[in-house]
Every structure is written in C-alpha cells, then in structure tokens.
>>> print(open('my_file18.txt').read())   # compact mmCIF, N, CA and C atoms
# COMPACT_ATOMS: atom_id res chain seq x y z
N MET X 392 253.58 109.58 57.71
CA MET X 392 253.74 109.00 59.02
C MET X 392 253.11 109.93 60.04
N LYS X 393 252.37 109.35 60.95
CA LYS X 393 251.75 110.11 62.02
C LYS X 393 252.35 109.63 63.34
N ILE X 394 252.83 110.57 64.12
CA ILE X 394 253.43 110.24 65.41
C ILE X 394 252.37 110.37 66.49
N PHE X 395 252.33 109.39 67.39
CA PHE X 395 251.35 109.45 68.47
C PHE X 395 252.06 109.31 69.82
N ASN X 396 251.40 109.80 70.85
CA ASN X 396 251.86 109.65 72.22
C ASN X 396 250.91 108.66 72.89
N PRO X 397 251.40 107.51 73.36
CA PRO X 397 250.51 106.51 73.96
C PRO X 397 249.65 107.07 75.10
N ALA X 398 250.15 108.07 75.81
CA ALA X 398 249.39 108.65 76.92
C ALA X 398 248.14 109.37 76.42
N ASP X 399 248.15 109.83 75.17
CA ASP X 399 247.01 110.55 74.61
C ASP X 399 245.96 109.62 74.00
N CYS X 400 246.25 108.34 73.92
CA CYS X 400 245.34 107.39 73.27
C CYS X 400 244.26 106.93 74.25
N LYS X 401 243.04 106.75 73.72
CA LYS X 401 241.93 106.25 74.54
C LYS X 401 242.18 104.80 74.95
N GLU X 402 242.68 104.02 74.01
CA GLU X 402 243.01 102.61 74.25
C GLU X 402 244.51 102.44 74.07
N PRO X 403 245.10 101.44 74.70
CA PRO X 403 246.54 101.21 74.46
C PRO X 403 246.76 100.89 72.99
N PRO X 404 247.78 101.49 72.37
CA PRO X 404 248.05 101.20 70.95
C PRO X 404 248.48 99.75 70.74
N ARG X 405 248.23 99.24 69.54
CA ARG X 405 248.57 97.86 69.22
C ARG X 405 250.07 97.61 69.25
N ALA X 406 250.85 98.63 68.94
CA ALA X 406 252.31 98.49 68.89
C ALA X 406 252.91 99.89 68.83
N ASP X 407 254.24 99.96 68.78
CA ASP X 407 254.91 101.25 68.64
C ASP X 407 254.90 101.74 67.19
N MET X 408 254.69 100.82 66.27
CA MET X 408 254.48 101.17 64.87
C MET X 408 253.43 100.22 64.32
N PHE X 409 252.39 100.78 63.71
CA PHE X 409 251.33 99.95 63.13
C PHE X 409 250.65 100.72 62.02
N LEU X 410 249.90 99.99 61.20
CA LEU X 410 249.15 100.60 60.11
C LEU X 410 247.75 100.96 60.61
N PRO X 411 247.17 102.05 60.10
CA PRO X 411 245.87 102.52 60.60
C PRO X 411 244.71 101.60 60.20
N ASP X 412 243.59 101.77 60.89
CA ASP X 412 242.40 100.96 60.63
C ASP X 412 241.86 101.15 59.21
N PHE X 413 242.18 102.27 58.59
CA PHE X 413 241.75 102.51 57.21
C PHE X 413 242.14 101.34 56.31
N LEU X 414 243.34 100.80 56.51
CA LEU X 414 243.81 99.72 55.65
C LEU X 414 242.98 98.45 55.85
N LYS X 415 242.56 98.18 57.06
CA LYS X 415 241.70 97.03 57.33
C LYS X 415 240.38 97.18 56.58
N TYR X 416 239.77 98.36 56.67
CA TYR X 416 238.48 98.58 56.00
C TYR X 416 238.64 98.59 54.48
N PHE X 417 239.76 99.09 53.99
CA PHE X 417 240.02 99.05 52.56
C PHE X 417 240.13 97.60 52.08
N GLY X 418 240.78 96.76 52.89
CA GLY X 418 240.88 95.33 52.56
C GLY X 418 239.51 94.68 52.50
N PHE X 419 238.64 95.01 53.46
CA PHE X 419 237.27 94.48 53.45
C PHE X 419 236.51 94.96 52.21
N PHE X 420 236.71 96.23 51.84
CA PHE X 420 236.06 96.79 50.65
C PHE X 420 236.49 96.02 49.40
N LEU X 421 237.81 95.80 49.27
CA LEU X 421 238.30 95.06 48.10
C LEU X 421 237.75 93.65 48.06
N ASP X 422 237.61 93.01 49.21
CA ASP X 422 237.03 91.67 49.24
C ASP X 422 235.55 91.71 48.83
N ALA X 423 234.83 92.76 49.22
CA ALA X 423 233.43 92.91 48.80
C ALA X 423 233.35 93.10 47.28
N VAL X 424 234.26 93.89 46.73
CA VAL X 424 234.30 94.07 45.28
C VAL X 424 234.60 92.74 44.60
N ALA X 425 235.47 91.94 45.19
CA ALA X 425 235.78 90.61 44.63
C ALA X 425 234.53 89.74 44.59
N ILE X 426 233.72 89.82 45.63
CA ILE X 426 232.47 89.04 45.66
C ILE X 426 231.52 89.52 44.57
N VAL X 427 231.45 90.84 44.38
CA VAL X 427 230.60 91.39 43.31
C VAL X 427 231.08 90.88 41.95
N PHE X 428 232.38 90.89 41.73
CA PHE X 428 232.92 90.35 40.47
C PHE X 428 232.56 88.87 40.31
N LEU X 429 232.67 88.13 41.40
CA LEU X 429 232.36 86.70 41.33
C LEU X 429 230.89 86.46 40.99
N VAL X 430 230.00 87.19 41.64
CA VAL X 430 228.57 87.05 41.35
C VAL X 430 228.28 87.47 39.91
N ALA X 431 228.90 88.59 39.49
CA ALA X 431 228.69 89.07 38.12
C ALA X 431 229.20 88.05 37.10
N THR X 432 230.27 87.36 37.45
CA THR X 432 230.81 86.33 36.55
C THR X 432 229.76 85.25 36.27
N PHE X 433 229.10 84.78 37.32
CA PHE X 433 228.13 83.70 37.14
C PHE X 433 226.82 84.18 36.54
N ILE X 434 226.46 85.43 36.83
CA ILE X 434 225.22 85.97 36.25
C ILE X 434 225.38 86.23 34.77
N THR X 435 226.49 86.87 34.38
CA THR X 435 226.68 87.27 32.99
C THR X 435 227.37 86.21 32.14
N GLN X 436 227.96 85.22 32.78
CA GLN X 436 228.72 84.18 32.08
C GLN X 436 229.92 84.77 31.32
N ILE X 437 230.39 85.94 31.76
CA ILE X 437 231.60 86.54 31.20
C ILE X 437 232.74 86.11 32.12
N TRP X 438 233.45 85.09 31.71
CA TRP X 438 234.41 84.44 32.58
C TRP X 438 235.67 85.27 32.81
N GLY X 439 235.87 86.30 32.02
CA GLY X 439 237.01 87.20 32.23
C GLY X 439 236.89 87.99 33.53
N LEU X 440 235.66 88.13 34.03
CA LEU X 440 235.45 88.86 35.30
C LEU X 440 236.08 88.15 36.49
N ILE X 441 236.33 86.87 36.33
CA ILE X 441 236.94 86.11 37.42
C ILE X 441 238.34 86.64 37.73
N ILE X 442 238.99 87.22 36.74
CA ILE X 442 240.32 87.82 36.95
C ILE X 442 240.20 89.00 37.92
N GLY X 443 239.18 89.82 37.73
CA GLY X 443 238.94 90.93 38.66
C GLY X 443 238.67 90.45 40.06
N ALA X 444 237.91 89.35 40.18
CA ALA X 444 237.62 88.78 41.50
C ALA X 444 238.89 88.30 42.18
N LEU X 445 239.75 87.64 41.43
CA LEU X 445 241.00 87.13 42.00
C LEU X 445 241.93 88.27 42.41
N ILE X 446 242.03 89.30 41.56
CA ILE X 446 242.92 90.42 41.88
C ILE X 446 242.41 91.18 43.10
N CYS X 447 241.13 91.54 43.08
CA CYS X 447 240.57 92.29 44.22
C CYS X 447 240.60 91.46 45.50
N GLY X 448 240.29 90.19 45.40
CA GLY X 448 240.32 89.33 46.59
C GLY X 448 241.72 89.20 47.16
N GLY X 449 242.69 89.00 46.28
CA GLY X 449 244.08 88.89 46.73
C GLY X 449 244.59 90.17 47.37
N LEU X 450 244.29 91.30 46.73
CA LEU X 450 244.71 92.58 47.29
C LEU X 450 244.01 92.87 48.61
N GLY X 451 242.74 92.49 48.71
CA GLY X 451 242.00 92.68 49.97
C GLY X 451 242.59 91.89 51.11
N VAL X 452 242.93 90.65 50.85
CA VAL X 452 243.56 89.81 51.89
C VAL X 452 244.94 90.36 52.25
N ALA X 453 245.70 90.80 51.25
CA ALA X 453 247.03 91.36 51.53
C ALA X 453 246.93 92.63 52.37
N ALA X 454 245.96 93.49 52.06
CA ALA X 454 245.77 94.73 52.84
C ALA X 454 245.42 94.40 54.28
N TRP X 455 244.54 93.44 54.48
CA TRP X 455 244.15 93.05 55.83
C TRP X 455 245.34 92.45 56.59
N LEU X 456 246.13 91.61 55.93
CA LEU X 456 247.30 91.02 56.57
C LEU X 456 248.32 92.10 56.96
N CYS X 457 248.52 93.07 56.08
CA CYS X 457 249.43 94.18 56.42
C CYS X 457 248.94 94.90 57.66
N TRP X 458 247.65 95.23 57.69
CA TRP X 458 247.09 95.93 58.84
C TRP X 458 247.25 95.11 60.12
N LYS X 459 246.95 93.84 60.05
CA LYS X 459 246.95 92.99 61.24
C LYS X 459 248.36 92.69 61.76
N ASN X 460 249.29 92.41 60.88
CA ASN X 460 250.58 91.86 61.29
C ASN X 460 251.75 92.84 61.29
N GLN X 461 251.81 93.77 60.37
CA GLN X 461 253.02 94.57 60.20
C GLN X 461 253.15 95.58 61.33
N THR X 462 254.02 95.25 62.30
CA THR X 462 254.18 96.08 63.49
C THR X 462 255.64 96.13 63.94
N VAL X 463 255.94 97.12 64.76
CA VAL X 463 257.20 97.19 65.49
C VAL X 463 256.84 97.46 66.94
N ARG X 464 257.43 96.69 67.84
CA ARG X 464 257.23 96.88 69.28
C ARG X 464 258.60 97.06 69.94
N ILE X 465 258.71 98.06 70.79
CA ILE X 465 259.92 98.23 71.58
C ILE X 465 259.87 97.20 72.70
N ILE X 466 260.91 96.37 72.79
CA ILE X 466 260.97 95.35 73.84
C ILE X 466 261.59 95.93 75.10
N ASP X 467 262.74 96.55 74.92
CA ASP X 467 263.42 97.20 76.04
C ASP X 467 264.29 98.32 75.49
N GLU X 468 265.16 98.84 76.29
CA GLU X 468 266.00 99.97 75.91
C GLU X 468 266.85 99.70 74.68
N ASP X 469 267.23 98.45 74.46
CA ASP X 469 268.18 98.11 73.40
C ASP X 469 267.59 97.33 72.23
N ARG X 470 266.38 96.79 72.37
CA ARG X 470 265.87 95.88 71.35
C ARG X 470 264.43 96.23 70.95
N PHE X 471 264.10 95.83 69.70
CA PHE X 471 262.73 95.95 69.22
C PHE X 471 262.39 94.73 68.40
N GLU X 472 261.10 94.51 68.24
CA GLU X 472 260.58 93.33 67.54
C GLU X 472 259.81 93.80 66.31
N TYR X 473 260.18 93.29 65.14
CA TYR X 473 259.50 93.63 63.88
C TYR X 473 258.76 92.41 63.38
N THR X 474 257.48 92.60 63.04
CA THR X 474 256.67 91.53 62.49
C THR X 474 256.27 91.91 61.07
N THR X 475 256.54 91.02 60.10
CA THR X 475 256.20 91.27 58.71
C THR X 475 254.71 91.08 58.48
N PHE X 476 254.24 91.42 57.29
CA PHE X 476 252.81 91.28 57.01
C PHE X 476 252.37 89.82 56.98
N LEU X 477 253.30 88.90 56.80
CA LEU X 477 252.96 87.48 56.84
C LEU X 477 253.09 86.88 58.24
N GLY X 478 253.49 87.71 59.22
CA GLY X 478 253.54 87.26 60.61
C GLY X 478 254.90 86.79 61.10
N LYS X 479 255.94 86.87 60.28
CA LYS X 479 257.27 86.47 60.73
C LYS X 479 257.84 87.55 61.65
N THR X 480 258.25 87.15 62.84
CA THR X 480 258.75 88.10 63.83
C THR X 480 260.26 87.96 63.99
N THR X 481 260.95 89.10 63.99
CA THR X 481 262.40 89.14 64.16
C THR X 481 262.73 90.19 65.21
N VAL X 482 263.67 89.85 66.10
CA VAL X 482 264.11 90.80 67.11
C VAL X 482 265.43 91.43 66.64
N TYR X 483 265.49 92.76 66.68
CA TYR X 483 266.67 93.51 66.29
C TYR X 483 267.14 94.37 67.46
N ASN X 484 268.40 94.70 67.44
CA ASN X 484 268.93 95.68 68.39
C ASN X 484 268.84 97.05 67.73
N PHE X 485 268.61 98.08 68.54
CA PHE X 485 268.61 99.43 67.98
C PHE X 485 269.98 99.77 67.40
N SER X 486 271.03 99.15 67.94
CA SER X 486 272.38 99.39 67.41
C SER X 486 272.56 98.82 66.01
N ASP X 487 271.63 97.95 65.55
CA ASP X 487 271.67 97.39 64.20
C ASP X 487 271.24 98.41 63.14
N ILE X 488 270.60 99.50 63.56
CA ILE X 488 270.10 100.48 62.61
C ILE X 488 271.26 101.27 62.02
N LYS X 489 271.36 101.27 60.70
CA LYS X 489 272.45 101.95 60.01
C LYS X 489 272.01 103.23 59.30
N ALA X 490 270.80 103.25 58.74
CA ALA X 490 270.34 104.42 58.01
C ALA X 490 268.83 104.35 57.83
N LEU X 491 268.27 105.49 57.46
CA LEU X 491 266.86 105.59 57.11
C LEU X 491 266.79 106.22 55.73
N ARG X 492 266.36 105.42 54.75
CA ARG X 492 266.25 105.91 53.38
C ARG X 492 264.82 106.38 53.15
N VAL X 493 264.66 107.61 52.73
CA VAL X 493 263.33 108.17 52.46
C VAL X 493 263.04 108.01 50.98
N ASN X 494 261.96 107.29 50.67
CA ASN X 494 261.51 107.08 49.31
C ASN X 494 260.35 108.03 49.02
N GLN X 495 259.84 108.03 47.82
CA GLN X 495 258.77 108.94 47.44
C GLN X 495 257.50 108.70 48.26
N ASP X 496 257.14 107.44 48.51
CA ASP X 496 255.90 107.15 49.22
C ASP X 496 256.09 106.29 50.47
N SER X 497 257.32 106.11 50.89
CA SER X 497 257.60 105.26 52.04
C SER X 497 259.01 105.55 52.55
N MET X 498 259.41 104.79 53.55
CA MET X 498 260.78 104.86 54.07
C MET X 498 261.29 103.43 54.24
N THR X 499 262.60 103.29 54.23
CA THR X 499 263.22 101.99 54.46
C THR X 499 264.25 102.16 55.56
N LEU X 500 264.08 101.40 56.62
CA LEU X 500 265.04 101.40 57.72
C LEU X 500 266.09 100.35 57.40
N ILE X 501 267.33 100.78 57.18
CA ILE X 501 268.42 99.88 56.82
C ILE X 501 269.07 99.38 58.11
N LEU X 502 269.12 98.05 58.24
CA LEU X 502 269.71 97.42 59.42
C LEU X 502 270.96 96.65 59.01
N THR X 503 271.75 96.25 59.99
CA THR X 503 272.94 95.46 59.72
C THR X 503 272.59 94.19 58.96
N ASN X 504 271.51 93.54 59.35
CA ASN X 504 271.15 92.25 58.73
C ASN X 504 269.71 92.24 58.22
N GLY X 505 269.31 93.32 57.57
CA GLY X 505 267.96 93.34 57.00
C GLY X 505 267.46 94.75 56.73
N LYS X 506 266.20 94.81 56.34
CA LYS X 506 265.53 96.08 56.05
C LYS X 506 264.13 96.02 56.62
N ILE X 507 263.60 97.19 56.98
CA ILE X 507 262.22 97.30 57.41
C ILE X 507 261.56 98.35 56.53
N HIS X 508 260.51 97.95 55.83
CA HIS X 508 259.76 98.87 54.97
C HIS X 508 258.72 99.58 55.84
N ILE X 509 258.68 100.91 55.75
CA ILE X 509 257.76 101.71 56.54
C ILE X 509 256.88 102.51 55.58
N GLU X 510 255.60 102.18 55.53
CA GLU X 510 254.65 102.88 54.66
C GLU X 510 254.44 104.31 55.16
N SER X 511 254.06 105.21 54.27
CA SER X 511 253.86 106.60 54.66
C SER X 511 252.63 106.77 55.55
N MET X 512 251.68 105.85 55.53
CA MET X 512 250.47 105.97 56.36
C MET X 512 250.64 105.40 57.77
N VAL X 513 251.81 104.91 58.08
CA VAL X 513 252.05 104.23 59.36
C VAL X 513 251.89 105.18 60.55
N ARG X 514 251.55 104.62 61.69
CA ARG X 514 251.48 105.35 62.96
C ARG X 514 252.66 104.88 63.81
N MET X 515 253.45 105.83 64.32
CA MET X 515 254.63 105.50 65.13
C MET X 515 254.59 106.25 66.45
N SER X 516 255.05 105.59 67.51
CA SER X 516 255.13 106.26 68.80
C SER X 516 256.33 107.20 68.80
N GLN X 517 256.23 108.25 69.60
CA GLN X 517 257.34 109.20 69.72
C GLN X 517 258.58 108.49 70.26
N ALA X 518 258.38 107.53 71.15
CA ALA X 518 259.51 106.78 71.72
C ALA X 518 260.28 106.04 70.62
N LEU X 519 259.57 105.41 69.68
CA LEU X 519 260.24 104.69 68.59
C LEU X 519 260.97 105.65 67.66
N VAL X 520 260.33 106.77 67.33
CA VAL X 520 260.98 107.77 66.48
C VAL X 520 262.28 108.25 67.15
N ASP X 521 262.22 108.52 68.44
CA ASP X 521 263.42 108.98 69.16
C ASP X 521 264.52 107.93 69.16
N LYS X 522 264.15 106.67 69.37
CA LYS X 522 265.14 105.58 69.37
C LYS X 522 265.80 105.43 68.01
N ILE X 523 265.01 105.53 66.95
CA ILE X 523 265.58 105.42 65.60
C ILE X 523 266.52 106.59 65.34
N ASP X 524 266.09 107.80 65.69
CA ASP X 524 266.94 108.99 65.51
C ASP X 524 268.25 108.85 66.27
N GLN X 525 268.19 108.40 67.51
CA GLN X 525 269.40 108.23 68.32
C GLN X 525 270.34 107.21 67.70
N SER X 526 269.79 106.13 67.22
CA SER X 526 270.61 105.08 66.60
C SER X 526 271.29 105.57 65.33
N ILE X 527 270.57 106.32 64.52
CA ILE X 527 271.16 106.86 63.30
C ILE X 527 272.24 107.88 63.63
N GLU X 528 272.01 108.71 64.64
CA GLU X 528 273.02 109.69 65.06
C GLU X 528 274.29 109.01 65.54
N LYS X 529 274.15 107.93 66.32
CA LYS X 529 275.33 107.18 66.79
C LYS X 529 276.08 106.58 65.63
N THR X 530 275.36 106.03 64.65
CA THR X 530 275.99 105.42 63.49
C THR X 530 276.74 106.45 62.66
N SER X 531 276.12 107.60 62.45
CA SER X 531 276.76 108.62 61.60
C SER X 531 277.92 109.31 62.30
N SER X 532 277.96 109.30 63.63
CA SER X 532 279.08 109.92 64.34
C SER X 532 280.29 109.00 64.46
N ASN X 533 280.07 107.70 64.20
CA ASN X 533 281.19 106.73 64.27
C ASN X 533 282.00 106.70 63.01
>>> encode(input="my_file18.txt", output="structure tokens")
Amino acid sequence: MKIFNPADCKEPPRADMFLPDFLKYFGFFLDAVAIVFLVATFITQIWGLIIGALICGGLGVAAWLCWKNQTVRIIDEDRFEYTTFLGKTTVYNFSDIKALRVNQDSMTLILTNGKIHIESMVRMSQALVDKIDQSIEKTSSN
C-alpha cells in the first residue's frame, strides 16, 4: 500500500483509494497476448491455443475493470463510498468498520455488514488511512 497526500499530486486523485495505472497497462498487455494466441490458433490450426486466448483475455478484462472501478471515496466526516470491480457502489459509515485483517498479499477491512478487499498495490490517501485507524481504535476501546 502506498499512501499519498492529495496536495502533492499533479492532478486530483481518482479517489481516496484506487489501484495504480500499472494494473490498467497489465490488463492491456494480457489482452494483447490473448490476440496473439488467437492469431496463432488460426495460423497453426492448434485449437488448444484458444484456451490461452480465453484465459489471457478474461484476466486482461478483469485487471482493467479492477483498475477502473475498485475505489473508495470519502463522502463526508462519517461516510465513505466503496465501488467493487464490477461497479457496484455501496455507502458505509466509518462506524461500521470493525477490524482490519492483514493477509499475506492484501488486507481485508471487516465491516458490520460486509468486507472490503484491499490489494497490496493500492494507493490510499492519508485522510482515509487516518479515518480507518480512528474507527478501529474506537471499536477496540468499546
């Protein structure tokens, strides 16, 4: 996770939590590899290559969707908005945050009525990190 200060950014950030542009370009790369597999399938008539095209194409689209959609935006002092990689948006209260589970390659924010998966490559604003920390401290002191 990389923490950023919006005041230090050249352009306004897309959200308070977002995935880096690397993931978008990786998705495009995987889609290019899928096209190569597809062309190779028709040139060589080895139909098993179509499996590689489908896998790479699917993963490329999924990577691009994650980059484009998976965000958290602070709405106000008490609420934030989480958007999944498929574009479903849910508004949560910071008071809904119960715990932060650290996994080997990611984190999971445990909420009263759900979970938010946070990849290790994510970019988060200092304001969001502070809000999460405050919410967890309030929960653990109760």
>>> closest_residue(input="my_file18.txt", among="X:Thr432, X:Ser497, X:Ser511, X:Thr503", to="Phe485 in chain X", atoms="only C-alpha atoms")
X:Thr503
>>> atom_distance(input="my_file18.txt", atom1="atom C of Ser526 in chain X", atom2="CA of Asp412 in chain X")
29.6 Å
>>> residues_near_point(input="my_file18.txt", point="(248.1, 105.2, 67.8)", cutoff="7 Å", atoms="only N, CA and C atoms", output="MDAnalysis selection string")
chainID X and resid 394:397 400 403:405 514:516
>>> select_by_dssp(input="my_file18.txt", residues="range 488-532 of chain X", states="strand (DSSP E)", output="JSON, numbers by chain")
{"X": [488, 489, 490, 491, 492, 493, 497, 498, 499, 500, 501, 502, 505, 506, 507, 508, 509, 510, 514, 515, 516]}
>>> closest_residue(input="my_file18.txt", among="X:Phe476, X:Trp438, X:Tyr483, X:Trp455", to="Phe420 in chain X", atoms="only C-alpha atoms")
X:Trp455
>>> residues_around(input="my_file18.txt", residues="Val452 in chain X", least_positions_apart="4", cutoff="6.5 Å", atoms="only N, CA and C atoms", output="NGL selection string")
:X and (418 or 422 or 447-448 or 456-457)
>>> write_last_selection(input="my_file18.txt", atoms="N, CA and C atoms", output="PDB file, in the coordinates of the input")
ATOM      1  N   GLY X 418     240.780  96.760  52.890  1.00  0.00           N
ATOM      2  CA  GLY X 418     240.880  95.330  52.560  1.00  0.00           C
ATOM      3  C   GLY X 418     239.510  94.680  52.500  1.00  0.00           C
ATOM      4  N   ASP X 422     237.610  93.010  49.210  1.00  0.00           N
ATOM      5  CA  ASP X 422     237.030  91.670  49.240  1.00  0.00           C
ATOM      6  C   ASP X 422     235.550  91.710  48.830  1.00  0.00           C
ATOM      7  N   CYS X 447     241.130  91.540  43.080  1.00  0.00           N
ATOM      8  CA  CYS X 447     240.570  92.290  44.220  1.00  0.00           C
ATOM      9  C   CYS X 447     240.600  91.460  45.500  1.00  0.00           C
ATOM     10  N   GLY X 448     240.290  90.190  45.400  1.00  0.00           N
ATOM     11  CA  GLY X 448     240.320  89.330  46.590  1.00  0.00           C
ATOM     12  C   GLY X 448     241.720  89.200  47.160  1.00  0.00           C
ATOM     13  N   LEU X 456     246.130  91.610  55.930  1.00  0.00           N
ATOM     14  CA  LEU X 456     247.300  91.020  56.570  1.00  0.00           C
ATOM     15  C   LEU X 456     248.320  92.100  56.960  1.00  0.00           C
ATOM     16  N   CYS X 457     248.520  93.070  56.080  1.00  0.00           N
ATOM     17  CA  CYS X 457     249.430  94.180  56.420  1.00  0.00           C
ATOM     18  C   CYS X 457     248.940  94.900  57.660  1.00  0.00           C
TER      19      CYS X 457
END
>>> atom_distance(input="my_file18.txt", atom1="CA of Val424 in chain X", atom2="CA of Gly451 in chain X")
9.1 Å
>>> closest_residue(input="my_file18.txt", among="X:Leu414, X:Met512, X:Ile446, X:Met408", to="Phe428 in chain X", atoms="only C-alpha atoms")
X:Ile446
>>> select_by_dssp(input="my_file18.txt", residues="chain X", states="helix (DSSP H, G or I)", output="PyMOL selection string")
chain X and resi 397-399+412-435+440-460+485-487+517-532
>>> atom_distance(input="my_file18.txt", atom1="CA of Asn494 in chain X", atom2="CA of Gln517 in chain X")
20.9 Å
>>> closest_residue(input="my_file18.txt", among="X:Ala454, X:Val430, X:Ile527, X:Ser486", to="Phe471 in chain X", atoms="all atoms listed in the file")
X:Ser486
>>> residues_near_point(input="my_file18.txt", point="(265.8, 88.0, 64.1)", cutoff="9 Å", atoms="only C-alpha atoms", output="list in words")
Glu472, Tyr473, Thr480, Thr481, Val482, Tyr483 and Asn504 of chain X
>>> closest_residue(input="my_file18.txt", among="X:Leu450, X:Ala406, X:Met498, X:Ala490", to="Thr530 in chain X", atoms="all atoms listed in the file")
X:Ala490
>>> closest_residue(input="my_file18.txt", among="X:Met392, X:Gln461, X:Lys401, X:Leu421", to="Thr474 in chain X", atoms="all atoms listed in the file")
X:Gln461
>>> decode(input="my_file18.txt", residues="range 427-445 of chain X", atoms="N, CA and C atoms", output="PDB file, in the first residue's frame")
ATOM      1  N   VAL X 427      -2.605 -12.446 -29.655  1.00  0.00           N
ATOM      2  CA  VAL X 427      -1.526 -13.256 -30.237  1.00  0.00           C
ATOM      3  C   VAL X 427      -1.912 -14.732 -30.210  1.00  0.00           C
ATOM      4  N   PHE X 428      -2.457 -15.196 -29.092  1.00  0.00           N
ATOM      5  CA  PHE X 428      -2.916 -16.589 -29.011  1.00  0.00           C
ATOM      6  C   PHE X 428      -3.995 -16.864 -30.058  1.00  0.00           C
ATOM      7  N   LEU X 429      -4.905 -15.924 -30.210  1.00  0.00           N
ATOM      8  CA  LEU X 429      -5.997 -16.111 -31.170  1.00  0.00           C
ATOM      9  C   LEU X 429      -5.464 -16.209 -32.599  1.00  0.00           C
ATOM     10  N   VAL X 430      -4.554 -15.310 -32.955  1.00  0.00           N
ATOM     11  CA  VAL X 430      -3.962 -15.341 -34.296  1.00  0.00           C
ATOM     12  C   VAL X 430      -3.177 -16.638 -34.493  1.00  0.00           C
ATOM     13  N   ALA X 431      -2.403 -17.023 -33.463  1.00  0.00           N
ATOM     14  CA  ALA X 431      -1.618 -18.254 -33.551  1.00  0.00           C
ATOM     15  C   ALA X 431      -2.525 -19.478 -33.704  1.00  0.00           C
ATOM     16  N   THR X 432      -3.687 -19.425 -33.072  1.00  0.00           N
ATOM     17  CA  THR X 432      -4.639 -20.534 -33.193  1.00  0.00           C
ATOM     18  C   THR X 432      -5.040 -20.750 -34.650  1.00  0.00           C
ATOM     19  N   PHE X 433      -5.360 -19.664 -35.344  1.00  0.00           N
ATOM     20  CA  PHE X 433      -5.821 -19.797 -36.733  1.00  0.00           C
ATOM     21  C   PHE X 433      -4.679 -20.075 -37.701  1.00  0.00           C
ATOM     22  N   ILE X 434      -3.491 -19.566 -37.378  1.00  0.00           N
ATOM     23  CA  ILE X 434      -2.347 -19.825 -38.260  1.00  0.00           C
ATOM     24  C   ILE X 434      -1.889 -21.270 -38.143  1.00  0.00           C
ATOM     25  N   THR X 435      -1.766 -21.769 -36.910  1.00  0.00           N
ATOM     26  CA  THR X 435      -1.226 -23.113 -36.694  1.00  0.00           C
ATOM     27  C   THR X 435      -2.290 -24.203 -36.698  1.00  0.00           C
ATOM     28  N   GLN X 436      -3.541 -23.817 -36.589  1.00  0.00           N
ATOM     29  CA  GLN X 436      -4.654 -24.770 -36.500  1.00  0.00           C
ATOM     30  C   GLN X 436      -4.538 -25.656 -35.257  1.00  0.00           C
ATOM     31  N   ILE X 437      -3.822 -25.169 -34.238  1.00  0.00           N
ATOM     32  CA  ILE X 437      -3.745 -25.860 -32.949  1.00  0.00           C
ATOM     33  C   ILE X 437      -4.827 -25.236 -32.071  1.00  0.00           C
ATOM     34  N   TRP X 438      -5.951 -25.899 -31.992  1.00  0.00           N
ATOM     35  CA  TRP X 438      -7.128 -25.310 -31.374  1.00  0.00           C
ATOM     36  C   TRP X 438      -7.022 -25.215 -29.858  1.00  0.00           C
ATOM     37  N   GLY X 439      -6.066 -25.894 -29.264  1.00  0.00           N
ATOM     38  CA  GLY X 439      -5.851 -25.780 -27.823  1.00  0.00           C
ATOM     39  C   GLY X 439      -5.366 -24.392 -27.413  1.00  0.00           C
ATOM     40  N   LEU X 440      -4.789 -23.654 -28.362  1.00  0.00           N
ATOM     41  CA  LEU X 440      -4.313 -22.290 -28.062  1.00  0.00           C
ATOM     42  C   LEU X 440      -5.463 -21.337 -27.732  1.00  0.00           C
ATOM     43  N   ILE X 441      -6.652 -21.698 -28.154  1.00  0.00           N
ATOM     44  CA  ILE X 441      -7.815 -20.849 -27.873  1.00  0.00           C
ATOM     45  C   ILE X 441      -8.051 -20.738 -26.364  1.00  0.00           C
ATOM     46  N   ILE X 442      -7.642 -21.758 -25.622  1.00  0.00           N
ATOM     47  CA  ILE X 442      -7.775 -21.719 -24.159  1.00  0.00           C
ATOM     48  C   ILE X 442      -6.899 -20.598 -23.594  1.00  0.00           C
ATOM     49  N   GLY X 443      -5.675 -20.485 -24.106  1.00  0.00           N
ATOM     50  CA  GLY X 443      -4.789 -19.400 -23.685  1.00  0.00           C
ATOM     51  C   GLY X 443      -5.373 -18.041 -24.009  1.00  0.00           C
ATOM     52  N   ALA X 444      -6.002 -17.930 -25.181  1.00  0.00           N
ATOM     53  CA  ALA X 444      -6.628 -16.664 -25.579  1.00  0.00           C
ATOM     54  C   ALA X 444      -7.762 -16.301 -24.631  1.00  0.00           C
ATOM     55  N   LEU X 445      -8.576 -17.277 -24.286  1.00  0.00           N
ATOM     56  CA  LEU X 445      -9.698 -17.018 -23.381  1.00  0.00           C
ATOM     57  C   LEU X 445      -9.219 -16.643 -21.979  1.00  0.00           C
TER      58      LEU X 445
END
